[in-house]
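A.B. asks: Here it is: the structure, laid out below.
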Amino acid sequence: MDSQIKKIHQQLVSKQITCTALVQEKLDLLKQNKYNSVNALLDTLALDLAAKVDTKIANGEKIGLLEGIPFGIKDVYMLQGTYATASSEMLKNYKSPYTATAIQKLLNAGAIPIVKENCDSFGHGSSSENTIFGSVKNAIDPSLVAGGSSGGSAVNVAKDFTVFSIGGDTGGSIRQPAGYNHIYGLKPTFGRISRYGLMAYASSTDCVGPMAKSVEDIRIVLNAISGKDIKDQTSIHSTEISEEEIRSSKVKTVGYFKNFIENESIDAEIKFNFLATIQKLKAEGIVVKELDFFKSDILVATYYTVAMAETASNLSRLDGTNFGNRIEAENLIESYAITRSENFSEETKRRIVGGNQVLSQGFSDGIYLKSLEVRDQISQNFTKDFEMVDIILSPITPSAPPKIGDSLKDPLSMYLSDAYTVGFSLGQLPTLSVPQGTGTGLQITAAKNNEVLILQFANFLKEML
């Protein structure tokens, strides 16, 4: 297992490098980068923390595995005293009054935050183009989108600007950009990691998750930030996953959704490569089963109905009075209207309007409540599936990343790019994207709280493919 965290830890302990030099090197790379992946550098904070790590090492004190490791933070998380903009005009001058639980746990472990990372504004997008800081460019081909909404986080990991990053996943926002940039990205079981201090998009599917270049680094970070939090009542207790546990796979049966692969929208190359992977699994003696699932257009419609309703509610607090960049008008009502009209992006306004529509009288029964019923049916479908298979394997996206600018011209096409990720979000299941199997990777999903099986199978795939 090629763990950058362990490699750097050993270099620090053996005094091959200093933490200050390491952090400065990463900061320099971030300053020079041309991928629009940076919203703000945390250079003063990072170098202060690095100096403390160097002092400990010089004094012969032991340091933890994550101590001195530089990481990035998607700019939707609170880090006290730093800007938390959500890549939006509305919050461009907002400073965090407190620190998110997941970030605090990393600080407690000694990890060093070095950058707040570019993303789609409030997580609204699948390309990281909906941002006041400029479109994030793909790490492999800068003419293509980086994916979204955690595009900046994915690019920084892929280009080694950060050792790992903390992204956020609502309907695929970690997995899809991880696939586009050929890294690992984990959406854990809903509640495994506290959401306290994460700006809410859709509260019923929002997840905090790590992005890294190896399965082992994903495991290390996951252990550090998981656990029950009294500040988040949806958070759950979890068991730490050891390195030994993920060395050998216990997966005997793999399922895949037939309608995903037979879908008209899937690229021929992604379909061919996915089916080739299935054949290799069979050759390894793994039983593969075709599964039936909801059509992708139903999944997308259900997800966006729920997500837009929840984001309309969550963003109602941003009116320029308590939060947000206030624009004064002749009276209070007009101040609210112009503040929200001028400071929200077109995509965010589209989602707020859609959310208010499906929640309004005369529509909520036929649209919103119906979508909640379908969400329950999706969860029941998954329960039955995991009685037959250990894990579900699927492409992350039906197509390759588009050119920068194309998604903005066609919002519906952008929504449909989430067709293979949103179902697992609605089911609140743990899902890991891996950079093997197709041009945009593969997605490994297991039953709730079974992250260990996912990590085992990810290591198996890495050796097999």
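Every chain in the structure tokens takes a letter, A first, then B, and so on in the order presented; its residues are numbered from 1, and the ligands are numbered from 1 following the presented order.
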Within 9 Å of region 297-314 of chain A, which residues of region 191-225 of chain A show up? Give each one with its shortest atom-to-atom distance in Å (one decimal) and the two atoms involved, counting only C-alpha atoms, rows by chain then rising residue number, as a Markdown table.
C.D. replies:
| residue | atom | partner | partner_atom | distance |
| --- | --- | --- | --- | --- |
| A:Met199 | CA | A:Asn314 | CA | 8.9 |
| A:Ala200 | CA | A:Asn314 | CA | 6.4 |
| A:Tyr201 | CA | A:Thr311 | CA | 5.0 |
| A:Ala202 | CA | A:Ala307 | CA | 5.0 |
| A:Ser203 | CA | A:Glu310 | CA | 6.7 |
| A:Ser204 | CA | A:Glu310 | CA | 8.2 |
| A:Thr205 | CA | A:Ala307 | CA | 8.2 |
A.B. asks: Residues of region 169-208 of chain A that have any atom at most 10 Å from an atom of region 140-159 of chain A: could you tabulate them with the shortest-distance atom pair and the distance in Å to one decimal, using only C-alpha atoms, ordered by chain and increasing number, as CSV?
C.D. replies:
residue,atom,partner,partner_atom,distance
A:Asp169,CA,A:Ser150,CA,7.8
A:Thr170,CA,A:Ser149,CA,9.0
A:Gly171,CA,A:Ser149,CA,9.5
A:Gly172,CA,A:Gly148,CA,8.0
A:Ser173,CA,A:Ser149,CA,4.8
A:Ile174,CA,A:Ser150,CA,5.7
A:Arg175,CA,A:Ser150,CA,8.8
A:Gln176,CA,A:Gly147,CA,6.1
A:Pro177,CA,A:Gly147,CA,4.1
A:Ala178,CA,A:Ala154,CA,5.5
A:Gly179,CA,A:Gly147,CA,8.4
A:Tyr180,CA,A:Gly147,CA,6.2
A:Asn181,CA,A:Ala158,CA,6.3
A:His182,CA,A:Ala158,CA,7.1
A:Ile183,CA,A:Ala158,CA,6.3
A:Tyr184,CA,A:Ala154,CA,8.8
A:Gly185,CA,A:Ala154,CA,8.3
A.B. asks: For the residues in that selection, give me N, CA and C atoms as a compact mmCIF listing (two decimals), in the first residue's frame.
C.D. replies:
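File again.txt, as written:
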# COMPACT_ATOMS: atom_id res chain seq x y z
N ASP A 169 -19.65 15.39 0.14
CA ASP A 169 -20.41 14.62 -0.86
C ASP A 169 -21.88 14.63 -0.50
N THR A 170 -22.70 15.18 -1.40
CA THR A 170 -24.15 15.19 -1.21
C THR A 170 -24.82 14.22 -2.18
N GLY A 171 -24.42 14.28 -3.45
CA GLY A 171 -24.97 13.35 -4.43
C GLY A 171 -23.90 12.76 -5.33
N GLY A 172 -22.63 12.93 -4.92
CA GLY A 172 -21.52 12.42 -5.73
C GLY A 172 -20.35 13.38 -5.77
N SER A 173 -20.39 14.40 -4.92
CA SER A 173 -19.45 15.52 -5.03
C SER A 173 -18.02 15.21 -4.59
N ILE A 174 -17.79 14.07 -3.96
CA ILE A 174 -16.43 13.57 -3.74
C ILE A 174 -16.08 12.56 -4.81
N ARG A 175 -17.00 11.63 -5.05
CA ARG A 175 -16.71 10.48 -5.93
C ARG A 175 -16.49 10.89 -7.39
N GLN A 176 -17.34 11.78 -7.90
CA GLN A 176 -17.23 12.15 -9.31
C GLN A 176 -15.95 12.91 -9.63
N PRO A 177 -15.58 13.97 -8.88
CA PRO A 177 -14.29 14.62 -9.17
C PRO A 177 -13.09 13.71 -8.89
N ALA A 178 -13.21 12.81 -7.91
CA ALA A 178 -12.13 11.84 -7.69
C ALA A 178 -11.95 10.98 -8.93
N GLY A 179 -13.06 10.55 -9.53
CA GLY A 179 -13.00 9.75 -10.75
C GLY A 179 -12.42 10.52 -11.91
N TYR A 180 -12.84 11.78 -12.07
CA TYR A 180 -12.34 12.61 -13.16
C TYR A 180 -10.84 12.88 -13.06
N ASN A 181 -10.31 12.87 -11.82
CA ASN A 181 -8.89 13.22 -11.62
C ASN A 181 -8.04 12.03 -11.18
N HIS A 182 -8.62 10.83 -11.24
CA HIS A 182 -7.89 9.57 -11.04
C HIS A 182 -7.29 9.44 -9.64
N ILE A 183 -8.10 9.73 -8.62
CA ILE A 183 -7.67 9.52 -7.24
C ILE A 183 -8.76 8.73 -6.50
N TYR A 184 -8.55 8.50 -5.21
CA TYR A 184 -9.56 7.83 -4.38
C TYR A 184 -10.40 8.88 -3.65
N GLY A 185 -11.69 8.60 -3.54
CA GLY A 185 -12.57 9.50 -2.79
C GLY A 185 -13.66 8.71 -2.11
A.B. asks: I need the residues in region 112-360 of chain A that are strand (DSSP E or B) according to DSSP; give them as a PyMOL selection string.
C.D. replies: chain A and resi 112-117+137+144-145+164-169+184-187+193+198+207-212+226+229+232+253-257+287-291
A.B. asks: Could the residues in this selection be saved with N, CA, C and O atoms as a compact mmCIF listing (two decimals), in the first residue's frame?
C.D. replies:
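Saved the output as out_38.txt:
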# COMPACT_ATOMS: atom_id res chain seq x y z
N ILE A 112 -1.87 19.47 9.31
CA ILE A 112 -1.72 20.90 9.08
C ILE A 112 -2.55 21.35 7.87
O ILE A 112 -2.25 20.97 6.73
N PRO A 113 -3.58 22.18 8.10
CA PRO A 113 -4.36 22.71 6.97
C PRO A 113 -3.58 23.79 6.24
O PRO A 113 -3.03 24.70 6.88
N ILE A 114 -3.50 23.68 4.93
CA ILE A 114 -2.70 24.66 4.17
C ILE A 114 -3.51 25.44 3.14
O ILE A 114 -3.03 26.46 2.64
N VAL A 115 -4.74 25.01 2.84
CA VAL A 115 -5.49 25.69 1.78
C VAL A 115 -6.98 25.45 1.94
O VAL A 115 -7.41 24.37 2.34
N LYS A 116 -7.77 26.51 1.66
CA LYS A 116 -9.21 26.35 1.47
C LYS A 116 -9.41 26.22 -0.05
O LYS A 116 -8.91 27.04 -0.83
N GLU A 117 -10.18 25.19 -0.45
CA GLU A 117 -10.16 24.77 -1.85
C GLU A 117 -11.42 25.15 -2.62
O GLU A 117 -12.54 25.11 -2.10
N LYS A 137 -9.75 23.49 -13.16
CA LYS A 137 -9.32 22.75 -14.34
C LYS A 137 -8.90 21.33 -13.96
O LYS A 137 -8.26 21.11 -12.92
N LEU A 144 -10.57 20.29 -19.64
CA LEU A 144 -11.76 19.62 -19.16
C LEU A 144 -12.12 20.09 -17.75
O LEU A 144 -11.28 20.63 -17.03
N VAL A 145 -13.36 19.86 -17.35
CA VAL A 145 -13.76 20.22 -15.99
C VAL A 145 -13.10 19.27 -14.99
O VAL A 145 -12.73 18.14 -15.32
N PHE A 164 -3.64 14.96 1.36
CA PHE A 164 -5.04 14.53 1.27
C PHE A 164 -5.90 15.78 1.41
O PHE A 164 -5.41 16.85 1.79
N SER A 165 -7.16 15.65 1.08
CA SER A 165 -8.09 16.77 1.23
C SER A 165 -9.39 16.27 1.83
O SER A 165 -9.74 15.08 1.70
N ILE A 166 -10.12 17.18 2.48
CA ILE A 166 -11.43 16.86 3.01
C ILE A 166 -12.47 17.49 2.09
O ILE A 166 -12.56 18.72 1.97
N GLY A 167 -13.21 16.63 1.41
CA GLY A 167 -14.27 17.09 0.52
C GLY A 167 -15.62 16.94 1.18
O GLY A 167 -15.74 16.62 2.35
N GLY A 168 -16.66 17.21 0.42
CA GLY A 168 -18.02 17.02 0.89
C GLY A 168 -18.83 16.38 -0.21
O GLY A 168 -18.69 16.75 -1.38
N ASP A 169 -19.65 15.39 0.14
CA ASP A 169 -20.41 14.62 -0.86
C ASP A 169 -21.88 14.63 -0.50
O ASP A 169 -22.27 14.15 0.56
N TYR A 184 -8.55 8.50 -5.21
CA TYR A 184 -9.56 7.83 -4.38
C TYR A 184 -10.40 8.88 -3.65
O TYR A 184 -9.87 9.90 -3.20
N GLY A 185 -11.69 8.60 -3.54
CA GLY A 185 -12.57 9.50 -2.79
C GLY A 185 -13.66 8.71 -2.11
O GLY A 185 -14.33 7.89 -2.74
N LEU A 186 -13.85 8.93 -0.83
CA LEU A 186 -14.81 8.15 -0.04
C LEU A 186 -15.99 8.99 0.44
O LEU A 186 -15.81 10.03 1.08
N LYS A 187 -17.19 8.53 0.11
CA LYS A 187 -18.40 9.00 0.77
C LYS A 187 -18.76 7.95 1.81
O LYS A 187 -19.17 6.85 1.46
N ILE A 193 -19.20 10.40 10.00
CA ILE A 193 -18.39 11.58 10.29
C ILE A 193 -19.34 12.75 10.55
O ILE A 193 -20.27 12.99 9.79
N LEU A 198 -19.97 21.93 8.64
CA LEU A 198 -20.07 21.85 7.18
C LEU A 198 -21.29 22.64 6.75
O LEU A 198 -22.39 22.43 7.28
N CYS A 207 -22.40 14.43 3.35
CA CYS A 207 -21.38 13.61 4.02
C CYS A 207 -20.02 14.27 3.93
O CYS A 207 -19.67 14.85 2.91
N VAL A 208 -19.25 14.16 5.01
CA VAL A 208 -17.85 14.57 5.04
C VAL A 208 -17.01 13.38 4.63
O VAL A 208 -17.28 12.26 5.05
N GLY A 209 -15.99 13.59 3.79
CA GLY A 209 -15.18 12.45 3.38
C GLY A 209 -13.79 12.82 2.92
O GLY A 209 -13.54 13.96 2.50
N PRO A 210 -12.85 11.87 2.97
CA PRO A 210 -11.47 12.11 2.56
C PRO A 210 -11.23 11.81 1.08
O PRO A 210 -11.87 10.94 0.48
N MET A 211 -10.25 12.52 0.51
CA MET A 211 -9.78 12.28 -0.85
C MET A 211 -8.26 12.12 -0.76
O MET A 211 -7.58 12.93 -0.11
N ALA A 212 -7.72 11.08 -1.40
CA ALA A 212 -6.30 10.79 -1.29
C ALA A 212 -5.85 9.95 -2.47
O ALA A 212 -6.66 9.55 -3.31
N SER A 226 -13.79 10.00 12.10
CA SER A 226 -15.06 9.32 12.35
C SER A 226 -15.47 9.43 13.82
O SER A 226 -14.64 9.71 14.69
N ASP A 229 -20.66 12.61 17.64
CA ASP A 229 -20.40 14.00 18.02
C ASP A 229 -21.67 14.57 18.65
O ASP A 229 -22.73 14.55 18.03
N ASP A 232 -23.75 16.94 16.57
CA ASP A 232 -24.47 16.45 15.38
C ASP A 232 -25.26 15.21 15.78
O ASP A 232 -24.72 14.12 15.94
N THR A 253 -19.14 -12.21 -3.54
CA THR A 253 -20.15 -11.93 -4.56
C THR A 253 -20.22 -10.43 -4.85
O THR A 253 -20.20 -9.61 -3.93
N VAL A 254 -20.28 -10.11 -6.12
CA VAL A 254 -20.35 -8.71 -6.58
C VAL A 254 -21.59 -8.54 -7.43
O VAL A 254 -21.89 -9.38 -8.29
N GLY A 255 -22.31 -7.47 -7.19
CA GLY A 255 -23.48 -7.16 -8.02
C GLY A 255 -23.25 -5.91 -8.83
O GLY A 255 -22.42 -5.06 -8.48
N TYR A 256 -23.96 -5.79 -9.94
CA TYR A 256 -23.95 -4.53 -10.70
C TYR A 256 -25.33 -4.31 -11.29
O TYR A 256 -26.08 -5.27 -11.56
N PHE A 257 -25.67 -3.04 -11.46
CA PHE A 257 -27.00 -2.71 -11.97
C PHE A 257 -27.01 -2.78 -13.49
O PHE A 257 -26.35 -1.99 -14.17
N VAL A 287 -18.28 -14.50 -7.74
CA VAL A 287 -19.62 -14.64 -8.33
C VAL A 287 -20.17 -13.25 -8.62
O VAL A 287 -20.16 -12.38 -7.74
N VAL A 288 -20.60 -13.02 -9.85
CA VAL A 288 -21.13 -11.72 -10.26
C VAL A 288 -22.61 -11.87 -10.58
O VAL A 288 -23.01 -12.77 -11.31
N LYS A 289 -23.42 -10.98 -10.01
CA LYS A 289 -24.87 -11.03 -10.23
C LYS A 289 -25.38 -9.72 -10.81
O LYS A 289 -24.98 -8.64 -10.38
N GLU A 290 -26.26 -9.86 -11.80
CA GLU A 290 -26.94 -8.68 -12.34
C GLU A 290 -28.08 -8.30 -11.40
O GLU A 290 -28.84 -9.16 -10.96
N LEU A 291 -28.20 -7.01 -11.11
CA LEU A 291 -29.24 -6.52 -10.20
C LEU A 291 -30.16 -5.55 -10.94
O LEU A 291 -29.74 -4.86 -11.86
A.B. asks: Record the distance separating CA of Ser37 (chain A) and CA of Leu461 (chain A), expressed in Å with one decimal.
C.D. replies: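 Distance between the two atoms: 29.3 Å.
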A.B. asks: If we count only C-alpha atoms, what is near Leu455 (chain A) at a cut-off of 9 Å, once residues fewer than 2 positions away on the same chain are taken out, given as a count of residues only?
C.D. replies: 17
A.B. asks: Region 124-166 of chain A near region 406-411 of chain A within 9 Å: what's each residue's closest atom pair and its distance in Å to one decimal, counting only C-alpha atoms, ordered by chain then ascending residue number, as a Markdown table?
C.D. replies:
| residue | atom | partner | partner_atom | distance |
| --- | --- | --- | --- | --- |
| A:Gly125 | CA | A:Pro411 | CA | 8.8 |
| A:Ser126 | CA | A:Ser407 | CA | 8.4 |
| A:Ser127 | CA | A:Ser407 | CA | 7.3 |
| A:Glu129 | CA | A:Leu408 | CA | 7.6 |
| A:Asn130 | CA | A:Leu408 | CA | 8.1 |
| A:Val145 | CA | A:Ser407 | CA | 8.8 |
A.B. asks: Keeping only N, CA, C and O atoms, write those residues as a PDB file, in the first residue's frame.
C.D. replies:
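Final file, out.pdb:
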ATOM      1  N   GLY A 125     -23.378  21.998  -8.077  1.00  0.00           N
ATOM      2  CA  GLY A 125     -22.787  21.763  -9.385  1.00  0.00           C
ATOM      3  C   GLY A 125     -22.040  20.452  -9.433  1.00  0.00           C
ATOM      4  O   GLY A 125     -21.721  19.859  -8.402  1.00  0.00           O
ATOM      5  N   SER A 126     -21.748  20.009 -10.638  1.00  0.00           N
ATOM      6  CA  SER A 126     -21.025  18.755 -10.850  1.00  0.00           C
ATOM      7  C   SER A 126     -19.766  18.983 -11.681  1.00  0.00           C
ATOM      8  O   SER A 126     -19.266  18.051 -12.297  1.00  0.00           O
ATOM      9  N   SER A 127     -19.282  20.240 -11.692  1.00  0.00           N
ATOM     10  CA  SER A 127     -18.137  20.539 -12.546  1.00  0.00           C
ATOM     11  C   SER A 127     -17.137  21.505 -11.930  1.00  0.00           C
ATOM     12  O   SER A 127     -16.070  21.730 -12.486  1.00  0.00           O
ATOM     13  N   GLU A 129     -17.465  24.680 -11.833  1.00  0.00           N
ATOM     14  CA  GLU A 129     -17.471  25.891 -12.661  1.00  0.00           C
ATOM     15  C   GLU A 129     -18.343  26.981 -12.042  1.00  0.00           C
ATOM     16  O   GLU A 129     -18.203  28.154 -12.373  1.00  0.00           O
ATOM     17  N   ASN A 130     -19.244  26.584 -11.158  1.00  0.00           N
ATOM     18  CA  ASN A 130     -20.162  27.528 -10.516  1.00  0.00           C
ATOM     19  C   ASN A 130     -19.476  28.135  -9.300  1.00  0.00           C
ATOM     20  O   ASN A 130     -19.792  27.840  -8.157  1.00  0.00           O
ATOM     21  N   VAL A 145     -13.357  19.862 -17.351  1.00  0.00           N
ATOM     22  CA  VAL A 145     -13.760  20.216 -15.989  1.00  0.00           C
ATOM     23  C   VAL A 145     -13.103  19.268 -14.988  1.00  0.00           C
ATOM     24  O   VAL A 145     -12.734  18.137 -15.316  1.00  0.00           O
TER      25      VAL A 145
END
A.B. asks: I'd like the neighbourhood of region 381-385 of chain A as a count of residues only, where a residue qualifies if any of its atoms comes within 10 Å (using only C-alpha atoms), though same-chain residues fewer than 4 positions away should be ignored.
C.D. replies: 21
A.B. asks: With only C-alpha atoms as the counted atoms, please give the residues lying no more than 10 Å from region 87-91 of chain A, apart from itself and same-chain residues fewer than 3 positions off, as number ranges by chain.
C.D. replies: A: 39, 74-76, 83-84, 94-95, 116-123, 128, 130-134, 318-320, 323-326, 339-345, 348
A.B. asks: CA of Met78 (chain A) to CA of Lys231 (chain A): how many Å, to one decimal?
C.D. replies: 13.9 Å
A.B. asks: From the options A:Ala276, A:Ile378, A:Leu372, A:Ile103, which residue's atoms come nearest to Gly197 (chain A), counting only C-alpha atoms?
C.D. replies: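 With only C-alpha atoms as the atom set, the closest residue is A:Ile103.
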A.B. asks: Record the distance separating CA of Lys462 (chain A) and CA of Gln428 (chain A), expressed in Å with one decimal.
C.D. replies: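 Between these atoms lies a distance of 25.3 Å.
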A.B. asks: Please return, as a list in words, all residues of region 202-274 of chain A that DSSP assigns to helix (DSSP H, G or I) on the basis of the backbone.
C.D. replies: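 After running DSSP on the backbone, region 202-274 of chain A has helix (DSSP H, G or I) at Val215, Glu216, Asp217, Ile218, Arg219, Ile220, Val221, Leu222, Asn223, Ala224, Ile225, Glu244, Glu245, Ile246, Lys258, Asn259, Phe260, Ile261, Ala268, Glu269, Ile270, Lys271, Phe272, Asn273 and Phe274 of chain A.
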